[in-house]
Amino acid sequence: MISRPRSSRLCLGAALVAAALAGCAVSPGASLPRPLTAAGTPAPIGDGTGLAAAPGLGLLEGSGTRSRVDEHHHIHARWFTLEDEPAFGRGQEQAVDQEIAAFRALRERDSASAPPSELNISSAVTARSARMVGIRQTAYAVRDSSGSSAYRTLWYDREDRNTLDTRDLFASDRDWSAFGALVADDLAVDPDVFPDRAADPDPVLLDSVNFDAAGNALVEFDDGSVAPAAASPVVARVGSAALLPLLSDRGLAVRAAGMDPAGAASSAGPAQETARQDAAGPPVAGTVPSARRSPDCGHVKCIALTFEDGPGPETGRLLSILEEHDALATFFVVGPQIGRYGAELRQAVAAGHEIGNHGWSHRALTSMPAEQARRELGRTDDAIAAATGASSTLMRPPYGATSPEVNRLAHTPVALWDVDPLDWVHHDPDLVVDAVLRRAHPGAIVLLHGSAGTAESLPRILAGLGGRGYHFVTVSELLAPMDPEAQVAYTHGAAGK
Ligand code: NI
């Protein structure tokens, strides 16, 4: 149901993230569509925290997240899955794949000397009821050193296991056109909106509709799509009375789910996020670390396995395998996952593994203002501390994209890698095992991701390298003979013997 082409979706002009965050362009005289934060900026419709940790979400038990990573093209995408409902994840994955394809097509037109581009797709729950779940995807893209956000909201109908887009919420083509006309009316009084777009908004642009508590529809537009990229974000509002007669049965169910703030994870702002993490409990007392003495990596063969982008659905499995082989590793974690998988992260800390900061949103720190990069790291540090009681002891910038300025933002050493088996490209356990065993050397830092395929490869990696006499250590243990310093980047450790 979401197969229509989306060629006009990525509007990557001269949009500025700062501008996108600066204010809210609602029609003069209209009531504000979103609650304002203390800073006067619109509160986000979804906050990027997840299903699993949200209170009262029994109907979504078994939820998880999946991600797709392409470090070379700086693409990172995350979406939700439900164990018992594969169609729920598939609909979102399909939307993610369309977004990535459109981005790659644009990227191919860039000259070889163009600065690195980035696509970061995050997902947030905006509504839920017994029948409907709303997922808002935010695609943040950077090209030519400027970033812009595009939004899309999908609805999942648990009754017939279908993923719905905006068109599916309307009973007929006539109702759908009438909705477009109402959106046009609201846009027409916004001085920022291009007159031609206001007169006839492209239906493709109406792909992110959410609802306020009164049942009014809020249509948010991608940066630069209906107004200059530097203008404030445009959100059109269609009043409840005009909207109701146009909605299909499914549209009415979606609206009801979106109106109920008690049911929506979107009501959880950063404060509630922290509260959830606080409620998750104190760190578990460790048993393994006290029984284990760090090997002297200046004198014995050591190697550090690192797992990025978690914690996630495979973290528990990774921990069990590592324990079976008496191996330690380092987990570079990203913000929203920390609250979702706090129990797994505490388990990792208790077992003696090291936790590093991988940024909040997995956006490249090199392509944002220093103050924003500082917030990305600070917020993640706070979440790690709240979830585990432990501090991050390393920083790894997303994609390994760093600079002297980014390194200076770290209060710890910066840990890169020198062995990349490309598990994020092929997801083939045999190839991962082969690449790691072939390229391993004393002092190596190995880049891995916490995917199911990588988890499958792990026992053979540990058995193969263990048989060659390697000690599996944390990155800090590996670096210890070099007296590592904060704000300095390391790609490998001491070579040992
Ligand atoms: Ni990563």
# chains A, B, ... in the order shown; residues from 1 in each chain; ligands from 1
call {"tool": "residues_around", "arguments": {"residues": "Ala178 in chain A", "least_positions_apart": "6", "cutoff": "12 Å", "atoms": "only C-alpha atoms", "output": "list in words"}}
result
Arg167, Phe170, Ala171, Ser172, Ala184, Asp185, Asp200, Pro201, Pro203, Val238, Ala242, Leu243, Leu244, Pro245, Leu246 and Leu247 of chain A
call {"tool": "write_last_selection", "arguments": {"atoms": "N, CA, C and O atoms", "output": "tab-separated table (two decimals), in the first residue's frame"}}
result
chain	number	residue	atom	x	y	z
A	167	ARG	N	-3.00	8.41	1.87
A	167	ARG	CA	-4.13	8.21	0.96
A	167	ARG	C	-5.10	7.15	1.50
A	167	ARG	O	-6.32	7.26	1.30
A	170	PHE	N	-8.38	7.92	3.56
A	170	PHE	CA	-9.54	8.60	2.99
A	170	PHE	C	-10.42	7.62	2.22
A	170	PHE	O	-9.92	6.67	1.61
A	171	ALA	N	-11.73	7.91	2.26
A	171	ALA	CA	-12.69	6.93	1.76
A	171	ALA	C	-12.66	6.82	0.23
A	171	ALA	O	-12.82	5.74	-0.32
A	172	SER	N	-12.46	7.94	-0.47
A	172	SER	CA	-12.55	7.90	-1.94
A	172	SER	C	-11.58	8.92	-2.52
A	172	SER	O	-11.03	9.76	-1.79
A	184	ALA	N	-4.46	23.05	1.01
A	184	ALA	CA	-4.10	24.21	0.19
A	184	ALA	C	-4.63	25.50	0.81
A	184	ALA	O	-3.94	26.52	0.85
A	185	ASP	N	-5.86	25.46	1.32
A	185	ASP	CA	-6.45	26.64	1.96
A	185	ASP	C	-5.59	27.10	3.12
A	185	ASP	O	-5.36	28.31	3.33
A	200	ASP	N	-1.79	24.18	-5.23
A	200	ASP	CA	-1.97	22.81	-5.67
A	200	ASP	C	-0.88	21.92	-5.06
A	200	ASP	O	0.06	21.51	-5.73
A	201	PRO	N	-0.99	21.61	-3.78
A	201	PRO	CA	0.07	20.81	-3.16
A	201	PRO	C	0.12	19.40	-3.76
A	201	PRO	O	-0.91	18.77	-3.91
A	203	PRO	N	0.23	15.67	-3.99
A	203	PRO	CA	-0.21	14.68	-3.00
A	203	PRO	C	0.96	13.93	-2.35
A	203	PRO	O	0.86	13.50	-1.21
A	238	VAL	N	-5.68	20.86	9.32
A	238	VAL	CA	-7.03	20.70	8.79
A	238	VAL	C	-7.95	20.40	9.97
A	238	VAL	O	-7.76	19.40	10.68
A	242	ALA	N	-14.11	19.59	9.38
A	242	ALA	CA	-14.01	19.40	7.93
A	242	ALA	C	-13.41	18.05	7.59
A	242	ALA	O	-13.70	17.46	6.54
A	243	LEU	N	-12.56	17.56	8.46
A	243	LEU	CA	-11.82	16.32	8.20
A	243	LEU	C	-12.70	15.07	8.34
A	243	LEU	O	-12.64	14.15	7.51
A	244	LEU	N	-13.50	15.05	9.39
A	244	LEU	CA	-14.21	13.82	9.76
A	244	LEU	C	-15.01	13.18	8.63
A	244	LEU	O	-14.91	11.96	8.43
A	245	PRO	N	-15.80	13.96	7.85
A	245	PRO	CA	-16.60	13.30	6.81
A	245	PRO	C	-15.76	12.69	5.69
A	245	PRO	O	-16.27	11.89	4.91
A	246	LEU	N	-14.47	13.04	5.62
A	246	LEU	CA	-13.63	12.56	4.53
A	246	LEU	C	-12.94	11.24	4.84
A	246	LEU	O	-12.46	10.54	3.95
A	247	LEU	N	-12.85	10.91	6.12
A	247	LEU	CA	-12.03	9.78	6.52
A	247	LEU	C	-12.72	8.44	6.28
A	247	LEU	O	-13.93	8.29	6.48
call {"tool": "residues_around", "arguments": {"residues": "range 368-380 of chain A", "least_positions_apart": "3", "cutoff": "12 Å", "atoms": "only C-alpha atoms", "output": "ChimeraX atom specification"}}
result
/A:16-18,21,118,140-142,145-148,270-271,273-274,332-339,355-365,383-387,391-392,394-398,401-412
call {"tool": "atom_distance", "arguments": {"atom1": "CA of Trp176 in chain A", "atom2": "CA of Val209 in chain A"}}
result
12.9 Å
call {"tool": "atom_distance", "arguments": {"atom1": "CA of Leu205 in chain A", "atom2": "CA of Phe103 in chain A"}}
result
16.8 Å
call {"tool": "closest_residue", "arguments": {"among": "A:Asp309, A:Glu99, A:Asp296, A:Glu159", "to": "ligand 1", "atoms": "only C-alpha atoms and all ligand atoms"}}
result
A:Asp309
call {"tool": "closest_residue", "arguments": {"among": "A:Gly469, A:Pro311, A:Gly342, A:Gly180", "to": "ligand 1", "atoms": "only C-alpha atoms and all ligand atoms"}}
result
A:Pro311
call {"tool": "decode", "arguments": {"residues": "range 140-180 of chain A", "atoms": "N, CA and C atoms", "output": "mmCIF file, in the first residue's frame"}}
result
data_model
loop_
_atom_site.group_PDB
_atom_site.id
_atom_site.type_symbol
_atom_site.label_atom_id
_atom_site.label_comp_id
_atom_site.auth_asym_id
_atom_site.auth_seq_id
_atom_site.Cartn_x
_atom_site.Cartn_y
_atom_site.Cartn_z
ATOM 1 N N TYR A 140 16.943 12.584 7.576
ATOM 2 C CA TYR A 140 17.795 13.766 7.611
ATOM 3 C C TYR A 140 18.921 13.551 6.598
ATOM 4 N N ALA A 141 19.030 14.424 5.636
ATOM 5 C CA ALA A 141 20.023 14.236 4.581
ATOM 6 C C ALA A 141 20.965 15.423 4.517
ATOM 7 N N VAL A 142 22.223 15.124 4.319
ATOM 8 C CA VAL A 142 23.225 16.181 4.146
ATOM 9 C C VAL A 142 23.860 16.010 2.781
ATOM 10 N N ARG A 143 23.791 17.054 1.975
ATOM 11 C CA ARG A 143 24.531 17.096 0.709
ATOM 12 C C ARG A 143 25.092 18.491 0.563
ATOM 13 N N ASP A 144 26.260 18.561 -0.020
ATOM 14 C CA ASP A 144 26.904 19.857 -0.195
ATOM 15 C C ASP A 144 26.964 20.622 1.121
ATOM 16 N N SER A 145 27.239 19.883 2.182
ATOM 17 C CA SER A 145 27.465 20.482 3.509
ATOM 18 C C SER A 145 26.245 21.116 4.138
ATOM 19 N N SER A 146 25.046 20.935 3.558
ATOM 20 C CA SER A 146 23.874 21.461 4.253
ATOM 21 C C SER A 146 22.877 20.322 4.456
ATOM 22 N N GLY A 147 22.162 20.399 5.559
ATOM 23 C CA GLY A 147 21.268 19.301 5.915
ATOM 24 C C GLY A 147 19.813 19.716 5.885
ATOM 25 N N SER A 148 18.928 18.755 5.610
ATOM 26 C CA SER A 148 17.500 19.036 5.661
ATOM 27 C C SER A 148 16.763 17.763 6.064
ATOM 28 N N SER A 149 15.579 17.947 6.607
ATOM 29 C CA SER A 149 14.803 16.809 7.082
ATOM 30 C C SER A 149 13.562 16.614 6.231
ATOM 31 N N ALA A 150 13.231 15.340 5.988
ATOM 32 C CA ALA A 150 11.990 14.979 5.312
ATOM 33 C C ALA A 150 11.239 14.021 6.231
ATOM 34 N N TYR A 151 9.918 14.099 6.190
ATOM 35 C CA TYR A 151 9.118 13.332 7.137
ATOM 36 C C TYR A 151 8.141 12.436 6.401
ATOM 37 N N ARG A 152 7.845 11.312 7.015
ATOM 38 C CA ARG A 152 6.840 10.420 6.461
ATOM 39 C C ARG A 152 6.216 9.659 7.625
ATOM 40 N N THR A 153 4.902 9.589 7.626
ATOM 41 C CA THR A 153 4.241 8.826 8.684
ATOM 42 C C THR A 153 3.497 7.649 8.054
ATOM 43 N N LEU A 154 3.782 6.475 8.576
ATOM 44 C CA LEU A 154 3.116 5.251 8.132
ATOM 45 C C LEU A 154 2.218 4.777 9.263
ATOM 46 N N TRP A 155 1.150 4.122 8.885
ATOM 47 C CA TRP A 155 0.244 3.586 9.894
ATOM 48 C C TRP A 155 0.132 2.087 9.679
ATOM 49 N N TYR A 156 0.173 1.344 10.759
ATOM 50 C CA TYR A 156 0.058 -0.104 10.647
ATOM 51 C C TYR A 156 -1.261 -0.538 11.257
ATOM 52 N N ASP A 157 -2.049 -1.241 10.429
ATOM 53 C CA ASP A 157 -3.360 -1.723 10.863
ATOM 54 C C ASP A 157 -3.198 -3.173 11.317
ATOM 55 N N ARG A 158 -3.331 -3.382 12.621
ATOM 56 C CA ARG A 158 -3.115 -4.735 13.137
ATOM 57 C C ARG A 158 -4.251 -5.672 12.775
ATOM 58 N N GLU A 159 -5.384 -5.114 12.362
ATOM 59 C CA GLU A 159 -6.529 -5.960 12.037
ATOM 60 C C GLU A 159 -6.281 -6.726 10.734
ATOM 61 N N ASP A 160 -5.846 -6.008 9.697
ATOM 62 C CA ASP A 160 -5.588 -6.728 8.445
ATOM 63 C C ASP A 160 -4.103 -6.745 8.092
ATOM 64 N N ARG A 161 -3.257 -6.354 9.046
ATOM 65 C CA ARG A 161 -1.802 -6.439 8.895
ATOM 66 C C ARG A 161 -1.304 -5.719 7.651
ATOM 67 N N ASN A 162 -1.810 -4.530 7.460
ATOM 68 C CA ASN A 162 -1.410 -3.713 6.322
ATOM 69 C C ASN A 162 -0.746 -2.430 6.786
ATOM 70 N N THR A 163 0.239 -1.988 6.029
ATOM 71 C CA THR A 163 0.836 -0.684 6.274
ATOM 72 C C THR A 163 0.104 0.345 5.408
ATOM 73 N N LEU A 164 -0.309 1.433 6.036
ATOM 74 C CA LEU A 164 -1.119 2.442 5.348
ATOM 75 C C LEU A 164 -0.318 3.719 5.163
ATOM 76 N N ASP A 165 -0.573 4.405 4.064
ATOM 77 C CA ASP A 165 -0.049 5.761 3.947
ATOM 78 C C ASP A 165 -1.223 6.741 3.986
ATOM 79 N N THR A 166 -0.948 8.025 3.789
ATOM 80 C CA THR A 166 -1.993 9.028 4.007
ATOM 81 C C THR A 166 -3.225 8.769 3.139
ATOM 82 N N ARG A 167 -3.000 8.410 1.874
ATOM 83 C CA ARG A 167 -4.133 8.210 0.963
ATOM 84 C C ARG A 167 -5.101 7.154 1.502
ATOM 85 N N ASP A 168 -4.544 6.147 2.174
ATOM 86 C CA ASP A 168 -5.391 5.056 2.673
ATOM 87 C C ASP A 168 -6.344 5.499 3.788
ATOM 88 N N LEU A 169 -6.131 6.694 4.309
ATOM 89 C CA LEU A 169 -6.988 7.166 5.406
ATOM 90 C C LEU A 169 -8.279 7.791 4.889
ATOM 91 N N PHE A 170 -8.383 7.921 3.557
ATOM 92 C CA PHE A 170 -9.541 8.603 2.986
ATOM 93 C C PHE A 170 -10.418 7.622 2.218
ATOM 94 N N ALA A 171 -11.730 7.906 2.262
ATOM 95 C CA ALA A 171 -12.689 6.926 1.757
ATOM 96 C C ALA A 171 -12.662 6.819 0.233
ATOM 97 N N SER A 172 -12.463 7.939 -0.471
ATOM 98 C CA SER A 172 -12.552 7.901 -1.941
ATOM 99 C C SER A 172 -11.583 8.923 -2.519
ATOM 100 N N ASP A 173 -11.390 8.865 -3.828
ATOM 101 C CA ASP A 173 -10.539 9.859 -4.496
ATOM 102 C C ASP A 173 -11.084 11.272 -4.287
ATOM 103 N N ARG A 174 -12.410 11.369 -4.261
ATOM 104 C CA ARG A 174 -13.008 12.694 -4.054
ATOM 105 C C ARG A 174 -12.677 13.235 -2.671
ATOM 106 N N ASP A 175 -12.754 12.361 -1.678
ATOM 107 C CA ASP A 175 -12.429 12.783 -0.306
ATOM 108 C C ASP A 175 -10.947 13.164 -0.195
ATOM 109 N N TRP A 176 -10.131 12.407 -0.880
ATOM 110 C CA TRP A 176 -8.681 12.658 -0.877
ATOM 111 C C TRP A 176 -8.389 14.018 -1.512
ATOM 112 N N SER A 177 -9.056 14.310 -2.639
ATOM 113 C CA SER A 177 -8.887 15.623 -3.279
ATOM 114 C C SER A 177 -9.386 16.738 -2.372
ATOM 115 N N ALA A 178 -10.503 16.484 -1.704
ATOM 116 C CA ALA A 178 -11.054 17.500 -0.800
ATOM 117 C C ALA A 178 -10.074 17.798 0.333
ATOM 118 N N PHE A 179 -9.395 16.759 0.808
ATOM 119 C CA PHE A 179 -8.400 16.959 1.858
ATOM 120 C C PHE A 179 -7.257 17.832 1.323
ATOM 121 N N GLY A 180 -6.804 17.527 0.092
ATOM 122 C CA GLY A 180 -5.749 18.333 -0.529
ATOM 123 C C GLY A 180 -6.154 19.795 -0.630
#
